[in-house]
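File shown: my_file.pdb (PDB, C-alpha atoms).
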```pdb
ATOM      1  CA  MET B 238     -14.510  -3.942  17.098
ATOM      2  CA  ARG B 239     -15.714  -1.267  14.775
ATOM      3  CA  ALA B 240     -15.468   2.472  15.050
ATOM      4  CA  ASN B 241     -16.280   5.420  12.859
ATOM      5  CA  GLY B 242     -13.693   8.072  12.669
ATOM      6  CA  ILE B 243     -11.080   8.833  10.125
ATOM      7  CA  VAL B 244     -12.008  11.811   7.978
ATOM      8  CA  GLU B 245     -15.604  11.281   9.054
ATOM      9  CA  ALA B 246     -16.131   8.658   6.412
ATOM     10  CA  ILE B 247     -13.757   5.791   6.978
ATOM     11  CA  VAL B 248     -14.659   2.951   9.290
ATOM     12  CA  MET B 249     -11.874   1.302  11.244
ATOM     13  CA  GLU B 250     -12.464  -2.367  11.960
ATOM     14  CA  VAL B 251      -9.989  -3.831  14.408
ATOM     15  CA  GLU B 252      -8.901  -7.380  13.669
ATOM     16  CA  CYS B 253      -6.059  -7.693  16.119
ATOM     17  CA  LEU B 254      -4.639  -5.515  18.859
ATOM     18  CA  LYS B 255      -1.576  -6.578  20.813
ATOM     19  CA  LYS B 256      -0.101  -4.527  23.584
ATOM     20  CA  ASN B 257       3.625  -4.479  24.346
ATOM     21  CA  ILE B 258       4.938  -7.477  22.480
ATOM     22  CA  TYR B 259       8.356  -8.090  20.975
ATOM     23  CA  LEU B 260       8.656  -7.453  17.286
ATOM     24  CA  SER B 261      10.167 -10.899  16.899
ATOM     25  CA  ASP B 262       6.872 -12.386  18.095
ATOM     26  CA  LEU B 263       5.132 -10.762  15.166
ATOM     27  CA  ILE B 264       7.569 -12.074  12.586
ATOM     28  CA  LYS B 265       8.240 -15.735  13.176
ATOM     29  CA  ASP B 266       7.958 -17.329   9.801
ATOM     30  CA  LYS B 267      11.278 -17.048   7.978
ATOM     31  CA  GLU B 268       9.844 -18.259   4.696
ATOM     32  CA  GLU B 269       7.215 -15.582   4.833
ATOM     33  CA  LEU B 270       9.908 -13.029   5.496
ATOM     34  CA  LYS B 271      11.804 -14.125   2.429
ATOM     35  CA  LYS B 272       8.733 -13.812   0.278
ATOM     36  CA  MET B 273       8.384 -10.266   1.448
ATOM     37  CA  GLY B 274      11.978  -9.519   0.624
ATOM     38  CA  ILE B 275      13.334  -9.553   4.158
ATOM     39  CA  ASN B 276      16.234 -11.870   4.778
ATOM     40  CA  ARG B 277      17.687 -10.514   7.958
ATOM     41  CA  ILE B 278      16.401  -9.164  11.239
ATOM     42  CA  THR B 279      18.906  -7.643  13.574
ATOM     43  CA  ASN B 280      18.898  -8.525  17.245
ATOM     44  CA  ARG B 281      18.226  -4.930  18.070
ATOM     45  CA  ILE B 282      15.024  -5.074  16.066
ATOM     46  CA  LYS B 283      13.978  -8.392  17.494
ATOM     47  CA  ASN B 284      14.033  -6.853  20.917
ATOM     48  CA  TYR B 285      11.832  -3.949  20.014
ATOM     49  CA  LYS B 286       8.800  -3.928  22.236
ATOM     50  CA  VAL B 287       5.839  -2.518  20.401
ATOM     51  CA  CYS B 288       2.081  -2.227  20.325
ATOM     52  CA  PHE B 289       0.624  -3.756  17.225
ATOM     53  CA  ILE B 290      -2.734  -3.250  15.600
ATOM     54  CA  SER B 291      -4.141  -4.839  12.474
ATOM     55  CA  VAL B 292      -7.158  -3.020  11.099
ATOM     56  CA  ASP B 293      -9.354  -2.876   8.065
ATOM     57  CA  LEU B 294      -9.978   0.658   6.897
ATOM     58  CA  ILE B 295     -13.285   0.700   5.058
ATOM     59  CA  ASN B 296     -14.559   3.467   2.860
ATOM     60  CA  GLU B 297     -18.326   3.145   2.824
ATOM     61  CA  THR B 298     -18.933   6.271   0.784
ATOM     62  CA  ASP B 299     -18.977   7.140  -2.923
ATOM     63  CA  ASP B 300     -15.975   9.423  -2.539
ATOM     64  CA  ALA B 301     -12.255   8.747  -2.534
ATOM     65  CA  TYR B 302     -10.237   9.817   0.505
ATOM     66  CA  GLU B 303      -6.549  10.233   1.012
ATOM     67  CA  ILE B 304      -5.266   8.566   4.147
ATOM     68  CA  ASN B 305      -1.934   9.191   5.796
ATOM     69  CA  LEU B 306      -1.014   6.413   8.195
ATOM     70  CA  ASN B 307       1.258   8.715  10.149
ATOM     71  CA  ARG B 308      -1.828  10.621  11.155
ATOM     72  CA  ILE B 309      -3.431   7.708  12.942
ATOM     73  CA  VAL B 310      -2.313   8.122  16.517
ATOM     74  CA  MET B 311      -2.928   5.853  19.482
ATOM     75  CA  GLY B 312      -4.329   7.215  22.723
ATOM     76  CA  ASP B 313      -3.611   5.544  26.054
ATOM     77  CA  SER B 314      -5.542   5.700  29.299
ATOM     78  CA  SER B 315      -3.107   8.212  30.785
ATOM     79  CA  GLY B 316      -4.096  10.736  28.147
ATOM     80  CA  LYS B 317      -0.941  10.438  26.054
ATOM     81  CA  TYR B 318      -0.928  10.004  22.309
ATOM     82  CA  HIS B 319       1.593   7.984  20.338
ATOM     83  CA  ARG B 320       2.393   8.024  16.677
ATOM     84  CA  ILE B 321       3.467   5.125  14.453
ATOM     85  CA  GLU B 322       6.785   3.692  15.571
ATOM     86  CA  GLN B 323       9.437   4.979  13.243
ATOM     87  CA  LYS B 324      12.393   5.870  15.413
ATOM     88  CA  ALA B 325      14.731   3.687  13.395
ATOM     89  CA  ARG B 326      13.468   4.464   9.941
ATOM     90  CA  HIS B 327      16.211   6.823   8.954
ATOM     91  CA  LYS B 328      18.994   5.073  10.778
ATOM     92  CA  GLU B 329      19.011   1.561   9.426
ATOM     93  CA  PHE B 330      17.427   0.116   6.355
ATOM     94  CA  VAL B 331      16.646  -3.209   7.970
ATOM     95  CA  ASP B 332      14.383  -1.522  10.456
ATOM     96  CA  TYR B 333      12.552   0.248   7.727
ATOM     97  CA  ARG B 334      12.018  -2.988   5.815
ATOM     98  CA  ILE B 335      10.313  -4.590   8.757
ATOM     99  CA  LEU B 336       8.043  -1.668   9.335
ATOM    100  CA  HIS B 337       7.307  -1.577   5.657
ATOM    101  CA  TYR B 338       6.427  -5.243   5.754
ATOM    102  CA  LEU B 339       4.145  -4.719   8.686
ATOM    103  CA  ARG B 340       2.387  -2.100   6.684
ATOM    104  CA  ASN B 341       1.609  -4.634   3.977
ATOM    105  CA  ASN B 342       3.701  -2.660   1.536
ATOM    106  CA  ILE B 343       1.352   0.251   1.758
ATOM    107  CA  ALA B 344       2.827   3.690   1.440
ATOM    108  CA  GLU B 345       2.353   6.148   4.263
ATOM    109  CA  SER B 346      -0.128   8.043   2.174
ATOM    110  CA  PHE B 347      -2.619   6.441  -0.161
ATOM    111  CA  THR B 348      -6.085   6.819  -1.600
ATOM    112  CA  MET B 349      -9.044   4.910  -0.214
ATOM    113  CA  LEU B 350     -11.229   4.087  -3.184
ATOM    114  CA  PRO B 351     -15.002   4.206  -2.708
ATOM    115  CA  HIS B 352     -16.528   1.065  -1.203
ATOM    116  CA  CYS B 353     -13.120  -0.536  -0.837
ATOM    117  CA  LYS B 354     -11.096  -1.854   2.060
ATOM    118  CA  VAL B 355      -7.441  -1.726   2.968
ATOM    119  CA  ASN B 356      -5.874  -3.865   5.627
ATOM    120  CA  VAL B 357      -3.073  -2.103   7.461
ATOM    121  CA  ASN B 358      -0.759  -3.227  10.215
ATOM    122  CA  LEU B 359       0.456  -0.429  12.424
ATOM    123  CA  VAL B 360       3.283  -0.549  14.939
ATOM    124  CA  TYR B 361       3.360   1.862  17.848
ATOM    125  CA  PRO B 362       5.845   2.280  20.687
ATOM    126  CA  SER B 363       5.201   0.229  23.800
ATOM    127  CA  ILE B 364       3.290   1.972  26.546
ATOM    128  CA  ASP B 365       3.533   1.718  30.321
ATOM    129  CA  ASP B 366       2.189  -1.550  31.675
ATOM    130  CA  ASN B 367      -0.230   0.255  33.952
ATOM    131  CA  VAL B 368      -2.017   2.043  31.106
ATOM    132  CA  ASP B 369      -4.222   0.706  28.335
ATOM    133  CA  ILE B 370      -4.783   1.509  24.703
ATOM    134  CA  ILE B 371      -8.204   3.076  24.719
ATOM    135  CA  LYS B 372      -8.550   4.996  21.495
ATOM    136  CA  PHE B 373      -7.172   5.871  18.120
ATOM    137  CA  ALA B 374      -7.401   9.255  16.509
ATOM    138  CA  TYR B 375      -6.833  10.829  13.151
ATOM    139  CA  ARG B 376      -4.841  14.029  13.196
ATOM    140  CA  TYR B 377      -5.736  16.611  10.601
ATOM    141  CA  SER B 378      -2.814  18.897  11.215
ATOM    142  CA  TYR B 379       0.656  17.584  10.745
ATOM    143  CA  SER B 380       3.754  18.731  12.512
ATOM    144  CA  LEU B 381       6.695  17.273  14.326
ATOM    145  CA  ASN B 382       5.496  18.760  17.595
ATOM    146  CA  LYS B 383       5.317  15.967  20.144
ATOM    147  CA  ASP B 384       2.372  17.489  21.915
ATOM    148  CA  LEU B 385      -0.136  15.545  19.891
ATOM    149  CA  ALA B 386      -3.011  16.209  22.205
ATOM    150  CA  SER B 387      -3.058  19.875  21.258
ATOM    151  CA  LYS B 388      -3.590  19.099  17.607
ATOM    152  CA  LEU B 389      -6.878  19.033  15.810
ATOM    153  CA  ILE B 390      -7.923  15.427  15.934
ATOM    154  CA  GLU B 391     -10.968  13.287  15.580
ATOM    155  CA  GLU B 392     -11.115  10.470  18.036
ATOM    156  CA  PHE B 393     -12.694   7.095  17.968
ATOM    157  CA  LYS B 394     -12.431   4.750  20.867
ATOM    158  CA  ILE B 395     -11.284   1.171  21.013
ATOM    159  CA  ILE B 396     -12.883  -0.592  23.918
ATOM    160  CA  GLY B 397     -11.535  -3.916  25.062
ATOM    161  CA  GLY B 398      -9.981  -6.409  22.690
ATOM    162  CA  ILE B 399      -6.398  -6.199  23.881
ATOM    163  CA  ILE B 400      -4.814  -9.572  23.333
TER     164      ILE B 400
ATOM    165  CA  MET V 186     -11.827  -8.971 -20.970
ATOM    166  CA  LYS V 187     -14.073  -6.035 -21.711
ATOM    167  CA  SER V 188     -12.525  -3.547 -19.351
ATOM    168  CA  LYS V 189     -11.806  -0.117 -20.721
ATOM    169  CA  LEU V 190     -10.919   2.766 -18.494
ATOM    170  CA  ASN V 191     -10.981   6.364 -19.679
ATOM    171  CA  TYR V 192      -9.153   9.083 -17.774
ATOM    172  CA  LYS V 193      -8.823  12.542 -19.297
ATOM    173  CA  GLY V 194      -8.629  11.247 -22.834
ATOM    174  CA  LEU V 195      -6.461   8.255 -21.977
ATOM    175  CA  TYR V 196      -7.935   4.810 -22.477
ATOM    176  CA  PHE V 197      -6.626   1.958 -20.380
ATOM    177  CA  ASP V 198      -7.272  -1.477 -21.805
ATOM    178  CA  ILE V 199      -6.375  -4.549 -19.820
ATOM    179  CA  VAL V 200      -4.630  -6.844 -22.252
ATOM    180  CA  LYS V 201      -3.704  -9.618 -19.857
ATOM    181  CA  ILE V 202      -3.562 -10.547 -16.182
ATOM    182  CA  ASP V 203      -0.952 -13.079 -15.067
ATOM    183  CA  ARG V 204      -1.261 -14.338 -11.531
ATOM    184  CA  ASP V 205       1.278 -15.938  -9.223
ATOM    185  CA  ILE V 206       4.386 -15.020 -11.130
ATOM    186  CA  VAL V 207       7.679 -15.449  -9.351
ATOM    187  CA  LEU V 208       9.508 -12.175  -9.564
ATOM    188  CA  ASP V 209      12.776 -14.010  -9.842
ATOM    189  CA  ASP V 210      11.726 -15.480 -13.191
ATOM    190  CA  LEU V 211      10.723 -12.101 -14.510
ATOM    191  CA  LEU V 212      14.109 -10.711 -13.727
ATOM    192  CA  ARG V 213      15.845 -13.644 -15.359
ATOM    193  CA  GLU V 214      13.748 -13.080 -18.473
ATOM    194  CA  ASN V 215      15.352  -9.705 -18.832
ATOM    195  CA  PHE V 216      18.763 -11.304 -19.438
ATOM    196  CA  ILE V 217      20.693  -9.650 -16.709
ATOM    197  CA  SER V 218      24.238 -10.536 -15.760
ATOM    198  CA  ASP V 219      25.054 -13.043 -13.029
ATOM    199  CA  GLU V 220      26.734 -10.288 -11.100
ATOM    200  CA  ASP V 221      23.631  -8.136 -11.174
ATOM    201  CA  TYR V 222      21.460 -11.090 -10.320
ATOM    202  CA  GLU V 223      23.405 -11.670  -7.131
ATOM    203  CA  ILE V 224      22.648  -8.143  -6.002
ATOM    204  CA  TYR V 225      18.920  -8.477  -5.864
ATOM    205  CA  SER V 226      18.128 -12.173  -5.724
ATOM    206  CA  PRO V 227      18.129 -12.420  -1.912
ATOM    207  CA  TYR V 228      15.308  -9.915  -1.840
ATOM    208  CA  THR V 229      13.181 -11.238  -4.623
ATOM    209  CA  LYS V 230      13.451 -14.998  -4.663
ATOM    210  CA  ASP V 231      10.049 -16.700  -4.584
ATOM    211  CA  ARG V 232       8.286 -13.405  -4.328
ATOM    212  CA  LEU V 233       4.902 -13.758  -5.983
ATOM    213  CA  VAL V 234       3.365 -10.941  -7.934
ATOM    214  CA  ILE V 235       0.464 -10.280 -10.269
ATOM    215  CA  ARG V 236       1.315  -8.771 -13.621
ATOM    216  CA  THR V 237      -1.297  -6.770 -15.460
ATOM    217  CA  THR V 238      -0.491  -5.789 -19.008
ATOM    218  CA  ILE V 239      -2.252  -2.581 -19.874
ATOM    219  CA  GLU V 240      -2.399  -0.706 -23.122
ATOM    220  CA  ILE V 241      -2.766   3.039 -22.744
ATOM    221  CA  TYR V 242      -4.007   5.038 -25.691
ATOM    222  CA  ASN V 243      -4.097   8.804 -25.917
ATOM    223  CA  SER V 244      -7.237   9.656 -27.872
ATOM    224  CA  LEU V 245      -6.551  13.387 -27.917
ATOM    225  CA  ASP V 246      -4.728  15.639 -30.339
ATOM    226  CA  TYR V 247      -2.442  16.761 -27.551
ATOM    227  CA  TYR V 248      -1.092  15.689 -24.193
ATOM    228  CA  THR V 249      -1.063  17.464 -20.875
ATOM    229  CA  GLU V 250       0.717  17.178 -17.554
ATOM    230  CA  GLU V 251      -2.484  15.796 -16.088
ATOM    231  CA  GLN V 252      -2.045  12.767 -18.282
ATOM    232  CA  TYR V 253       1.281  11.741 -16.755
ATOM    233  CA  ILE V 254       0.991   8.114 -15.827
ATOM    234  CA  LEU V 255       1.724   7.594 -12.157
ATOM    235  CA  LEU V 256       2.049   3.904 -11.406
ATOM    236  CA  GLU V 257       1.236   4.362  -7.743
ATOM    237  CA  ASN V 258      -2.218   5.479  -8.771
ATOM    238  CA  PHE V 259      -3.173   2.099 -10.169
ATOM    239  CA  TYR V 260      -5.132  -0.309  -8.008
ATOM    240  CA  ILE V 261      -6.709  -3.691  -8.391
ATOM    241  CA  ILE V 262      -9.687  -4.672  -6.279
ATOM    242  CA  ASP V 263     -10.268  -8.249  -5.220
ATOM    243  CA  SER V 264     -13.507 -10.133  -4.726
ATOM    244  CA  GLU V 265     -13.532  -9.295  -1.013
ATOM    245  CA  GLY V 266     -13.412  -5.583  -1.745
ATOM    246  CA  TYR V 267      -9.777  -5.015  -0.749
ATOM    247  CA  GLN V 268      -7.831  -2.633  -2.917
ATOM    248  CA  HIS V 269      -4.196  -3.353  -3.782
ATOM    249  CA  ARG V 270      -1.827  -0.696  -4.946
ATOM    250  CA  ALA V 271       0.671  -1.135  -7.743
ATOM    251  CA  THR V 272       3.988  -2.075  -6.241
ATOM    252  CA  LEU V 273       7.364  -0.556  -6.816
ATOM    253  CA  PHE V 274       9.181  -3.501  -5.235
ATOM    254  CA  GLU V 275      10.607  -1.637  -2.320
ATOM    255  CA  SER V 276      13.061  -3.981  -0.719
ATOM    256  CA  GLY V 277      14.150  -1.553   1.939
ATOM    257  CA  LEU V 278      17.557  -1.164   0.412
ATOM    258  CA  LYS V 279      17.137   1.894  -1.699
ATOM    259  CA  ASP V 280      19.711   1.059  -4.320
ATOM    260  CA  THR V 281      18.431  -2.477  -4.679
ATOM    261  CA  SER V 282      14.872  -1.294  -4.942
ATOM    262  CA  PHE V 283      15.828   1.130  -7.636
ATOM    263  CA  PHE V 284      17.761  -1.588  -9.368
ATOM    264  CA  ILE V 285      14.793  -3.937  -9.427
ATOM    265  CA  ARG V 286      12.514  -1.278 -10.777
ATOM    266  CA  LYS V 287      15.020  -0.365 -13.426
ATOM    267  CA  MET V 288      15.414  -3.989 -14.427
ATOM    268  CA  LEU V 289      11.694  -4.397 -14.808
ATOM    269  CA  GLY V 290      11.467  -1.160 -16.688
ATOM    270  CA  ILE V 291       9.173   0.447 -14.189
ATOM    271  CA  ASP V 292       9.435   3.584 -12.176
ATOM    272  CA  LYS V 293       7.185   5.913 -10.332
ATOM    273  CA  TYR V 294       6.445   7.967 -13.423
ATOM    274  CA  TYR V 295       6.012   7.184 -17.045
ATOM    275  CA  ASN V 296       6.170   9.703 -19.800
ATOM    276  CA  THR V 297       3.036  11.075 -21.235
ATOM    277  CA  VAL V 298       1.568   9.044 -24.046
ATOM    278  CA  LEU V 299       1.893  10.973 -27.279
ATOM    279  CA  PRO V 300      -1.283  12.086 -29.105
ATOM    280  CA  HIS V 301      -3.030   9.208 -30.853
ATOM    281  CA  SER V 302      -0.300   6.844 -29.692
ATOM    282  CA  LYS V 303      -0.274   3.704 -27.569
ATOM    283  CA  LEU V 304       1.904   2.611 -24.682
ATOM    284  CA  LEU V 305       2.016  -0.979 -23.525
ATOM    285  CA  LEU V 306       2.689  -1.152 -19.825
ATOM    286  CA  ASP V 307       3.224  -3.956 -17.341
ATOM    287  CA  ILE V 308       2.019  -3.036 -13.889
ATOM    288  CA  TYR V 309       2.858  -5.298 -10.964
ATOM    289  CA  PHE V 310       0.900  -5.874  -7.793
ATOM    290  CA  GLN V 311       1.589  -7.833  -4.676
ATOM    291  CA  ASN V 312       0.214 -11.317  -4.901
ATOM    292  CA  ILE V 313      -3.245 -11.788  -3.454
ATOM    293  CA  PRO V 314      -4.575 -15.123  -2.166
ATOM    294  CA  GLN V 315      -5.464 -17.627  -4.879
ATOM    295  CA  SER V 316      -8.951 -17.936  -3.402
ATOM    296  CA  LEU V 317      -9.739 -14.354  -4.361
ATOM    297  CA  GLU V 318     -10.611 -13.086  -7.805
ATOM    298  CA  ILE V 319      -9.377  -9.824  -9.275
ATOM    299  CA  THR V 320     -12.602  -8.057 -10.069
ATOM    300  CA  LYS V 321     -11.762  -4.433 -10.791
ATOM    301  CA  LEU V 322      -9.041  -2.113 -11.996
ATOM    302  CA  ALA V 323      -8.888   1.444 -10.736
ATOM    303  CA  TYR V 324      -6.944   4.601 -11.410
ATOM    304  CA  SER V 325      -7.058   7.430  -8.937
ATOM    305  CA  LYS V 326      -5.510  10.851  -8.624
ATOM    306  CA  GLY V 327      -6.395  12.710  -5.468
ATOM    307  CA  GLN V 328     -10.141  12.558  -5.123
ATOM    308  CA  ASP V 329     -10.658  11.746  -8.773
ATOM    309  CA  TYR V 330     -11.079   8.096  -9.465
ATOM    310  CA  ILE V 331     -12.279   5.739 -12.083
ATOM    311  CA  ILE V 332     -13.047   2.099 -11.432
ATOM    312  CA  VAL V 333     -13.809  -0.466 -14.071
ATOM    313  CA  ASP V 334     -15.274  -3.919 -13.643
ATOM    314  CA  ILE V 335     -12.959  -6.312 -15.447
ATOM    315  CA  ASP V 336     -15.672  -8.704 -16.597
ATOM    316  CA  THR V 337     -18.518  -6.383 -17.496
ATOM    317  CA  GLY V 338     -16.632  -3.230 -18.435
ATOM    318  CA  GLU V 339     -18.968  -1.235 -16.206
ATOM    319  CA  THR V 340     -17.329   1.974 -15.074
ATOM    320  CA  ILE V 341     -17.747   4.029 -11.934
ATOM    321  CA  THR V 342     -16.161   7.446 -11.968
ATOM    322  CA  ASN V 343     -16.206  10.924 -10.558
ATOM    323  CA  CYS V 344     -13.869  12.253 -13.228
ATOM    324  CA  HIS V 345     -14.799  14.295 -16.225
ATOM    325  CA  LEU V 346     -14.742  12.023 -19.238
ATOM    326  CA  ASP V 347     -13.392  13.539 -22.393
TER     327      ASP V 347
END
```

Any chance you could give the structure as structure tokens?
Amino acid sequence: MRANGIVEAIVMEVECLKKNIYLSDLIKDKEELKKMGINRITNRIKNYKVCFISVDLINETDDAYEINLNRIVMGDSSGKYHRIEQKARHKEFVDYRILHYLRNNIAESFTMLPHCKVNVNLVYPSIDDNVDIIKFAYRYSYSLNKDLASKLIEEFKIIGGII
Amino acid sequence: MKSKLNYKGLYFDIVKIDRDIVLDDLLRENFISDEDYEIYSPYTKDRLVIRTTIEIYNSLDYYTEEQYILLENFYIIDSEGYQHRATLFESGLKDTSFFIRKMLGIDKYYNTVLPHSKLLLDIYFQNIPQSLEITKLAYSKGQDYIIVDIDTGETITNCHLD
């Protein structure tokens, strides 16, 4: 799946999209965890149910663009938007490590170099079973207001591909 | 390696690229105490990194704030076109992360290189698959960037070159 969208210049190529799975299903290989500097996953984290997407962000232009992963929001078929799962980030370090790992050690904000790619893994909250993930959007304005739909956003749809 | 990267009067020369280094060994090389080693070893054991040794030379008669070296602005680009950012070894435990960085002598910022002086810098990246080559080095600040091909020395930039 391929969609144009972020800052009008970045292509988002979806490699993997998983709806409502347990975090523990994403992180099964203990050796791999160790390599990434994670040696412990709490039971609470294991039981997190999340939506997971692995994408390549591709800059096909001659310009550099700054991307903020927190601005990529997921839209479901009920019209709601969801931001990257981070409810535990400031409460427990272990949680943050896992999310950090899932982000391939990429900071929340980074520069997309011209004609380069970045693979990012994003974790979103689980959504109701009777709705689907239908689109992702890039928000240009940033605030803690939960009413994401009212913000200035550019949408690009993801059709099918839910594993 | 012919690569030479010029950013606002600073020249970045790649001296050496070491692949597949175990971070644990690097830390041991720095002769730290057993007690200190115990603090971070669970988070670093067997962790593979790429070390690039870069010499930075200030060709100007002065230095400016714009020349501050920000490690997070360094990237390597592999043969598949993926960019990889310099790592600060975040382990998730803030104190440990800081400790590792301190042990390796790296931090987010480096001081400005003095006029007509050189600074030798080791910059670490996450390991990339052995099947991929490291083809380019890049430095970027905001929308300014400069990319240099490691083999040919060819440079792509949108920065003003002094």

request  = List the residues matched by the PyMOL selection byres ((chain V and resi 194) around 9) in the displayed structure as a ChimeraX atom specification, ordered by chain and then by residue number.
outcome  = /V:191-193,195-196,242-245,248,252,346-347

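Atom pair atom CA of Ser264 of chain V / atom CA of Ile331 of chain V: separated by 17.5 Å.
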
query = Of the candidates B:Arg308, B:His352, B:Arg376, B:Lys317, which shows the shortest atom-to-atom distance to Ile364 of chain B, using only C-alpha atoms?
reply = B:Lys317

ask   = At a cut-off of 10 Å from (17.4, -4.2, -14.7) in the coordinates of the file, what residues are picked up using only C-alpha atoms, written as an NGL selection string?
value = :V and (212-213 or 215-218 or 221-222 or 225 or 283-291)

key: Residues returned when the PyMOL selection byres ((chain V and resi 269) around 8) runs on this file, as JSON, numbers by chain   = {"B": [355], "V": [260, 261, 262, 263, 267, 268, 270, 271, 310, 311]}

Mind writing the picked residues with C-alpha atoms as a PDB file, in the coordinates of the input?
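Result written to again-v4.pdb:
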```pdb
ATOM      1  CA  VAL B 355      -7.441  -1.726   2.968  1.00  0.00           C
TER       2      VAL B 355
ATOM      3  CA  TYR V 260      -5.132  -0.309  -8.008  1.00  0.00           C
ATOM      4  CA  ILE V 261      -6.709  -3.691  -8.391  1.00  0.00           C
ATOM      5  CA  ILE V 262      -9.687  -4.672  -6.279  1.00  0.00           C
ATOM      6  CA  ASP V 263     -10.268  -8.249  -5.220  1.00  0.00           C
ATOM      7  CA  TYR V 267      -9.777  -5.015  -0.749  1.00  0.00           C
ATOM      8  CA  GLN V 268      -7.831  -2.633  -2.917  1.00  0.00           C
ATOM      9  CA  ARG V 270      -1.827  -0.696  -4.946  1.00  0.00           C
ATOM     10  CA  ALA V 271       0.671  -1.135  -7.743  1.00  0.00           C
ATOM     11  CA  PHE V 310       0.900  -5.874  -7.793  1.00  0.00           C
ATOM     12  CA  GLN V 311       1.589  -7.833  -4.676  1.00  0.00           C
TER      13      GLN V 311
END
```

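In this structure, atom CA of Ile304 of chain B sits 28.9 Å away from atom CA of Leu208 of chain V.
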
request  = Extract, using all atoms listed in the file, all DNA, RNA and protein residues at most 7 Å from Ile309 of chain B, discarding same-chain residues fewer than 3 positions from it, and format them as a VMD selection string.
outcome  = chain B and resid 306 320 373 to 376

Using only C-alpha atoms, please write the residues we just selected to a file, as a PDB file, in the frame of the given file.
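The result, written out as selection.pdb:
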```pdb
ATOM      1  CA  LEU B 306      -1.014   6.413   8.195  1.00  0.00           C
ATOM      2  CA  ARG B 320       2.393   8.024  16.677  1.00  0.00           C
ATOM      3  CA  PHE B 373      -7.172   5.871  18.120  1.00  0.00           C
ATOM      4  CA  ALA B 374      -7.401   9.255  16.509  1.00  0.00           C
ATOM      5  CA  TYR B 375      -6.833  10.829  13.151  1.00  0.00           C
ATOM      6  CA  ARG B 376      -4.841  14.029  13.196  1.00  0.00           C
TER       7      ARG B 376
END
```

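Across V:Arg204, V:His301, V:Arg232, V:Lys321, the tightest approach to chain B is made by V:Arg232 when counting all atoms listed in the file.
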
ask   = Neighbours of Arg236 of chain V within 12 Å (all atoms listed in the file; same-chain residues fewer than 4 positions away dropped), as JSON, numbers by chain?
value = {"V": [199, 200, 201, 202, 203, 204, 205, 206, 207, 208, 211, 261, 271, 272, 289, 306, 307, 308, 309, 310, 311, 312, 313, 319]}

Export, as an mmCIF file, keeping the file's coordinate frame, the selected residues with C-alpha atoms.
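Saved as out_16.cif:
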```cif
data_model
loop_
_atom_site.group_PDB
_atom_site.id
_atom_site.type_symbol
_atom_site.label_atom_id
_atom_site.label_comp_id
_atom_site.auth_asym_id
_atom_site.auth_seq_id
_atom_site.Cartn_x
_atom_site.Cartn_y
_atom_site.Cartn_z
ATOM 1 C CA ILE V 199 -6.375 -4.549 -19.820
ATOM 2 C CA VAL V 200 -4.630 -6.844 -22.252
ATOM 3 C CA LYS V 201 -3.704 -9.618 -19.857
ATOM 4 C CA ILE V 202 -3.562 -10.547 -16.182
ATOM 5 C CA ASP V 203 -0.952 -13.079 -15.067
ATOM 6 C CA ARG V 204 -1.261 -14.338 -11.531
ATOM 7 C CA ASP V 205 1.278 -15.938 -9.223
ATOM 8 C CA ILE V 206 4.386 -15.020 -11.130
ATOM 9 C CA VAL V 207 7.679 -15.449 -9.351
ATOM 10 C CA LEU V 208 9.508 -12.175 -9.564
ATOM 11 C CA LEU V 211 10.723 -12.101 -14.510
ATOM 12 C CA ILE V 261 -6.709 -3.691 -8.391
ATOM 13 C CA ALA V 271 0.671 -1.135 -7.743
ATOM 14 C CA THR V 272 3.988 -2.075 -6.241
ATOM 15 C CA LEU V 289 11.694 -4.397 -14.808
ATOM 16 C CA LEU V 306 2.689 -1.152 -19.825
ATOM 17 C CA ASP V 307 3.224 -3.956 -17.341
ATOM 18 C CA ILE V 308 2.019 -3.036 -13.889
ATOM 19 C CA TYR V 309 2.858 -5.298 -10.964
ATOM 20 C CA PHE V 310 0.900 -5.874 -7.793
ATOM 21 C CA GLN V 311 1.589 -7.833 -4.676
ATOM 22 C CA ASN V 312 0.214 -11.317 -4.901
ATOM 23 C CA ILE V 313 -3.245 -11.788 -3.454
ATOM 24 C CA ILE V 319 -9.377 -9.824 -9.275
#
```

key: atom CA of Thr237 of chain V to atom CA of Leu322 of chain V, straight-line distance in Å   = 9.7 Å

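Residues matched by the PyMOL selection byres ((chain B and resi 247) around 6) in this file: Ile243, Ala246, Val248, Ile295 and Asn296 of chain B.
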
ask   = Using all atoms listed in the file, which residues sit within 10 Å of segment 323-330 of chain V once same-chain residues fewer than 3 positions away are excluded, as a PyMOL selection string?
value = (chain B and resi 300-303+347-351) or (chain V and resi 190-192+197+251+254-262+268-270+333-335+340-345)

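Of the residues under consideration (V:Pro314, V:Pro300, V:Gly266, V:Gly338), V:Gly338 shows the shortest atom-to-atom contact distance to Asp198 of chain V when counting all atoms listed in the file.
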
query = From the list B:Ser261, B:Ser346, B:Asn307, B:Ser314, which residue is nearest chain V when using all atoms listed in the file?
reply = B:Ser346
